[in-house]
Amino acid sequence: DEAELRAHFEATVAADRRVEPRDWMPDGYRATLVRQIAQHAHSEIIGMQPEGDWITRAPSLRRKAILFAKVQDEAGHGLYLYGAAETLGADRDELTRRLLSGRQKYSSIFNYPTLTFADVGVIGWLVDGAAICNQVPLCRSSYGPYARAMVRVCKEESFHQRQGYELLWTMMRGTPAQRELVRDAVDRWWWPSLMMFGPPDAASPNSARSMAWRIKRHSNDELRQRFVDMTVPQAERLGVTLPDPELAWNEERGHYDFGTPDFAELARVIGGDGPCNAERLARRTAAHEDGAWVRAAASAHAARRAARERA
Ligand code: ACO
């Protein structure tokens, strides 16, 4: 009976074992996972756009090949994640409809423009760095298919982060004009990267529940701090200044102190009013409509094959 199933679920979570698709789970747990995994999948797919803009303008064949591979990886991550959402009974077409109609979110970070090629490096370094900070603990998320998808995603993300760092490393050892491009890009992306971790804990309606269910393993503020601590020494090594006058090592806490991101800006961007929200969704919608014939052909092929197998 349900009490027994619930007790089994609670024990599984408490023992740090994985909940699997066929297991009983509370409706709220399922709904929270579908919400988070779908938002995560949408972020990967929309996240192809800001960098994809630079594929045709990469400064060398080598940089073009790297960027191409990276953007393809993002598509792959989106597909694993939609697959993970489907194990919870979510319908992929419905998730896409919810994205396109603005009923489901995607990460705020992908609503900022990529103005120069240095942005490609900074996205790899800071945005993928923040994504890794957030996603490594998700490899221990209580829902099996999500946790396992994260293992592979994180391996690829660390590769992306290094390529960003290497690109910036090269530019910082280039001309003064290249160093200026890096400085400008870091100035523009630093605060939006900190916002990726979500609202502060006190204003995060989902955190407590998600942490109790061990879907999330750390709070938004904990991960934001971890990201700052990880990134400051990398910035020093690179020779770039992060645009935060409050940034300082705090001996007592054993962490860097840092300024407060503009959470009103985060709320606006999440609410649809960021610099590129309309453009991102319009492009995704057009791509979806242009791809209708592919879906129709794939469905017809699958139906014919199924009919042949039955015969
Ligand atoms: N961008 C867009 N929406 C956000 C962001 C953000 N940076 N931060 C929080 N939100 C949304 C939440 O989805 C939630 O919305 P909803 O309840 O209407 O669905 C609301 O703001 C309140 O936030 P929280 O209560 O803190 O939400 P949650 O517990 O889900 O934490 C977080 C947010 C940290 C983003 C979490 O969902 C998570 O870890 N997701 C997995 C990682 C992910 O999605 N990464 C995508 C970007 S990384 C990349 O693709 C390169």
# chains A, B, ... in the order shown; residues from 1 in each chain; ligands from 1

$ residues_near_ligand --ligand "ligand 1" --cutoff "6 Å" --atoms "only C-alpha atoms and all ligand atoms" --output "list in words"
Arg35, Gln36, Gln39, His40, Ser43, Glu44, Lys105, Tyr106, Ser107, Ser108, Asp128, Ala131, Asn134, Met195, Met196, Phe197, Gly198, Pro199, Ser204, Pro205, Asn206, Ser207, Asn220 and Ile270 of chain A

$ write_last_selection --atoms "C-alpha atoms" --output "mmCIF file, in the first residue's frame"
data_model
loop_
_atom_site.group_PDB
_atom_site.id
_atom_site.type_symbol
_atom_site.label_atom_id
_atom_site.label_comp_id
_atom_site.auth_asym_id
_atom_site.auth_seq_id
_atom_site.Cartn_x
_atom_site.Cartn_y
_atom_site.Cartn_z
ATOM 1 C CA ARG A 35 10.537 20.955 -13.917
ATOM 2 C CA GLN A 36 14.269 21.000 -13.195
ATOM 3 C CA GLN A 39 14.589 23.578 -17.658
ATOM 4 C CA HIS A 40 18.048 22.087 -17.788
ATOM 5 C CA SER A 43 19.020 25.552 -21.370
ATOM 6 C CA GLU A 44 21.338 23.243 -23.271
ATOM 7 C CA LYS A 105 12.114 28.386 -18.220
ATOM 8 C CA TYR A 106 15.666 28.049 -19.434
ATOM 9 C CA SER A 107 18.789 29.481 -17.865
ATOM 10 C CA SER A 108 18.914 33.268 -17.606
ATOM 11 C CA ASP A 128 30.640 26.397 -18.259
ATOM 12 C CA ALA A 131 27.577 24.923 -14.914
ATOM 13 C CA ASN A 134 26.220 23.341 -10.217
ATOM 14 C CA MET A 195 23.131 34.770 -11.303
ATOM 15 C CA MET A 196 23.082 31.326 -12.932
ATOM 16 C CA PHE A 197 22.974 29.800 -9.437
ATOM 17 C CA GLY A 198 19.524 31.260 -8.913
ATOM 18 C CA PRO A 199 18.036 33.613 -6.328
ATOM 19 C CA SER A 204 14.545 30.322 -3.377
ATOM 20 C CA PRO A 205 11.116 28.692 -3.040
ATOM 21 C CA ASN A 206 12.205 25.226 -4.240
ATOM 22 C CA SER A 207 15.545 24.700 -2.507
ATOM 23 C CA ASN A 220 22.143 28.201 -4.495
ATOM 24 C CA ILE A 270 13.847 35.030 -15.916
#

$ select_by_dssp --residues "region 38-265 of chain A" --states "strand (DSSP E)" --output "MDAnalysis selection string"
chainID A and resid 248:250 255:257

$ write_last_selection --atoms "all heavy atoms" --output "short mmCIF file (atom, residue, chain, number, x, y, z; two decimals), in the first residue's frame"
data_model
loop_
_atom_site.label_atom_id
_atom_site.label_comp_id
_atom_site.auth_asym_id
_atom_site.auth_seq_id
_atom_site.Cartn_x
_atom_site.Cartn_y
_atom_site.Cartn_z
N ALA A 248 37.34 39.93 -1.94
CA ALA A 248 38.52 39.89 -1.07
C ALA A 248 38.54 38.57 -0.30
O ALA A 248 37.49 38.06 0.09
CB ALA A 248 38.47 41.05 -0.08
N TRP A 249 39.72 38.04 -0.09
CA TRP A 249 39.86 36.80 0.69
C TRP A 249 39.50 37.07 2.14
O TRP A 249 39.96 38.05 2.73
CB TRP A 249 41.30 36.27 0.58
CG TRP A 249 41.51 35.04 1.40
CD1 TRP A 249 42.27 34.93 2.54
CD2 TRP A 249 40.95 33.73 1.16
NE1 TRP A 249 42.22 33.64 3.02
CE2 TRP A 249 41.42 32.89 2.20
CE3 TRP A 249 40.10 33.21 0.18
CZ2 TRP A 249 41.06 31.53 2.27
CZ3 TRP A 249 39.75 31.86 0.27
CH2 TRP A 249 40.22 31.04 1.29
N ASN A 250 38.67 36.24 2.70
CA ASN A 250 38.28 36.38 4.10
C ASN A 250 38.91 35.22 4.88
O ASN A 250 38.44 34.08 4.79
CB ASN A 250 36.75 36.37 4.21
CG ASN A 250 36.27 36.59 5.63
OD1 ASN A 250 36.88 36.10 6.59
ND2 ASN A 250 35.17 37.32 5.76
N HIS A 255 36.93 31.78 2.81
CA HIS A 255 36.28 31.95 1.50
C HIS A 255 36.51 33.38 1.03
O HIS A 255 36.85 34.24 1.83
CB HIS A 255 34.77 31.73 1.61
CG HIS A 255 34.36 30.33 1.92
ND1 HIS A 255 34.49 29.30 1.02
CD2 HIS A 255 33.85 29.78 3.04
CE1 HIS A 255 34.05 28.17 1.57
NE2 HIS A 255 33.65 28.43 2.80
N TYR A 256 36.25 33.61 -0.27
CA TYR A 256 36.27 34.98 -0.76
C TYR A 256 34.95 35.66 -0.42
O TYR A 256 33.87 35.06 -0.60
CB TYR A 256 36.47 35.00 -2.29
CG TYR A 256 37.90 34.72 -2.68
CD1 TYR A 256 38.31 33.42 -2.97
CD2 TYR A 256 38.82 35.76 -2.75
CE1 TYR A 256 39.64 33.17 -3.31
CE2 TYR A 256 40.15 35.51 -3.08
CZ TYR A 256 40.55 34.21 -3.36
OH TYR A 256 41.85 33.96 -3.69
N ASP A 257 35.04 36.90 0.05
CA ASP A 257 33.85 37.73 0.14
C ASP A 257 33.60 38.30 -1.25
O ASP A 257 34.55 38.52 -2.00
CB ASP A 257 34.08 38.91 1.11
CG ASP A 257 34.16 38.44 2.56
OD1 ASP A 257 33.62 37.35 2.86
OD2 ASP A 257 34.78 39.16 3.38
#

$ atom_distance --atom1 "CA of Leu126 (chain A)" --atom2 "CA of Pro233 (chain A)"
12.8 Å

$ residues_around --residues "region 164-173 of chain A" --least-positions-apart "3" --cutoff "8 Å" --atoms "only C-alpha atoms" --output "list in words"
Ala118, Val120, Gly121, Val122, Ile123, Gly124, Trp125, His160, Gln161, Gln178, Arg179, Val182, Leu238 and Gly239 of chain A

$ atom_distance --atom1 "CA of Gly52 (chain A)" --atom2 "CA of Val240 (chain A)"
25.2 Å

$ closest_residue --among "A:Glu156, A:Asp221, A:Asp201, A:Asp290" --to "His77 (chain A)" --atoms "only C-alpha atoms"
A:Glu156

$ select_by_dssp --residues "region 159-305 of chain A" --states "alpha helix (DSSP H)" --output "PyMOL selection string"
chain A and resi 159-172+176-195+207-212+220-238+263-270+277-290+292-305

$ closest_residue --among "A:Ser158, A:Arg209, A:Leu100, A:Gln163" --to "Ala31 (chain A)" --atoms "only C-alpha atoms"
A:Arg209

$ residues_around --residues "Ala84 (chain A)" --least-positions-apart "2" --cutoff "10 Å" --atoms "only C-alpha atoms" --output "PyMOL selection string"
chain A and resi 21+33-34+37-38+41+78-82+86-90+143-149

$ atom_distance --atom1 "CA of Phe110 (chain A)" --atom2 "CA of Ala212 (chain A)"
29.0 Å

$ residues_around --residues "Arg283 (chain A)" --least-positions-apart "2" --cutoff "12 Å" --atoms "only C-alpha atoms" --output "mmCIF file with N, CA and C atoms, in the first residue's frame"
data_model
loop_
_atom_site.group_PDB
_atom_site.id
_atom_site.type_symbol
_atom_site.label_atom_id
_atom_site.label_comp_id
_atom_site.auth_asym_id
_atom_site.auth_seq_id
_atom_site.Cartn_x
_atom_site.Cartn_y
_atom_site.Cartn_z
ATOM 1 N N ILE A 45 19.749 23.433 -25.082
ATOM 2 C CA ILE A 45 19.347 23.649 -26.482
ATOM 3 C C ILE A 45 19.382 25.146 -26.832
ATOM 4 N N ILE A 46 18.810 25.978 -25.974
ATOM 5 C CA ILE A 46 18.866 27.428 -26.235
ATOM 6 C C ILE A 46 20.324 27.899 -26.149
ATOM 7 N N GLY A 47 21.095 27.245 -25.284
ATOM 8 C CA GLY A 47 22.496 27.631 -25.092
ATOM 9 C C GLY A 47 23.354 27.432 -26.335
ATOM 10 N N MET A 48 22.839 26.718 -27.323
ATOM 11 C CA MET A 48 23.595 26.572 -28.568
ATOM 12 C C MET A 48 23.628 27.888 -29.347
ATOM 13 N N GLN A 49 22.649 28.751 -29.118
ATOM 14 C CA GLN A 49 22.529 29.955 -29.959
ATOM 15 C C GLN A 49 23.618 31.014 -29.753
ATOM 16 N N PRO A 50 23.875 31.430 -28.495
ATOM 17 C CA PRO A 50 24.841 32.530 -28.345
ATOM 18 C C PRO A 50 26.215 32.191 -28.940
ATOM 19 N N GLY A 52 26.758 29.610 -31.118
ATOM 20 C CA GLY A 52 26.573 29.215 -32.512
ATOM 21 C C GLY A 52 26.731 30.408 -33.449
ATOM 22 N N ASP A 53 26.372 31.583 -32.941
ATOM 23 C CA ASP A 53 26.517 32.805 -33.732
ATOM 24 C C ASP A 53 27.944 33.024 -34.219
ATOM 25 N N LEU A 100 8.400 26.878 -25.827
ATOM 26 C CA LEU A 100 8.121 27.871 -26.871
ATOM 27 C C LEU A 100 7.031 28.854 -26.454
ATOM 28 N N CYS A 276 18.092 39.344 -24.793
ATOM 29 C CA CYS A 276 17.888 38.503 -25.995
ATOM 30 C C CYS A 276 16.746 37.500 -25.881
ATOM 31 N N ASN A 277 15.902 37.587 -24.836
ATOM 32 C CA ASN A 277 14.871 36.546 -24.665
ATOM 33 C C ASN A 277 14.022 36.350 -25.921
ATOM 34 N N ALA A 278 13.537 37.478 -26.477
ATOM 35 C CA ALA A 278 12.608 37.371 -27.604
ATOM 36 C C ALA A 278 13.311 36.730 -28.799
ATOM 37 N N GLU A 279 14.550 37.158 -29.038
ATOM 38 C CA GLU A 279 15.326 36.629 -30.158
ATOM 39 C C GLU A 279 15.582 35.127 -30.007
ATOM 40 N N ARG A 280 15.956 34.706 -28.790
ATOM 41 C CA ARG A 280 16.255 33.277 -28.571
ATOM 42 C C ARG A 280 15.019 32.418 -28.853
ATOM 43 N N LEU A 281 13.880 32.856 -28.318
ATOM 44 C CA LEU A 281 12.668 32.045 -28.488
ATOM 45 C C LEU A 281 12.182 32.073 -29.927
ATOM 46 N N THR A 285 11.749 28.748 -32.117
ATOM 47 C CA THR A 285 10.443 28.463 -32.712
ATOM 48 C C THR A 285 10.595 28.227 -34.212
ATOM 49 N N ALA A 286 11.373 29.088 -34.870
ATOM 50 C CA ALA A 286 11.563 28.941 -36.320
ATOM 51 C C ALA A 286 12.254 27.609 -36.624
ATOM 52 N N ALA A 287 13.258 27.260 -35.821
ATOM 53 C CA ALA A 287 13.985 26.005 -36.060
ATOM 54 C C ALA A 287 13.035 24.815 -35.874
ATOM 55 N N HIS A 288 12.168 24.915 -34.858
ATOM 56 C CA HIS A 288 11.215 23.833 -34.597
ATOM 57 C C HIS A 288 10.253 23.687 -35.781
ATOM 58 N N GLU A 289 9.763 24.819 -36.273
ATOM 59 C CA GLU A 289 8.817 24.759 -37.408
ATOM 60 C C GLU A 289 9.510 24.263 -38.668
ATOM 61 N N ASP A 290 10.721 24.742 -38.899
ATOM 62 C CA ASP A 290 11.470 24.276 -40.083
ATOM 63 C C ASP A 290 11.756 22.783 -40.017
#
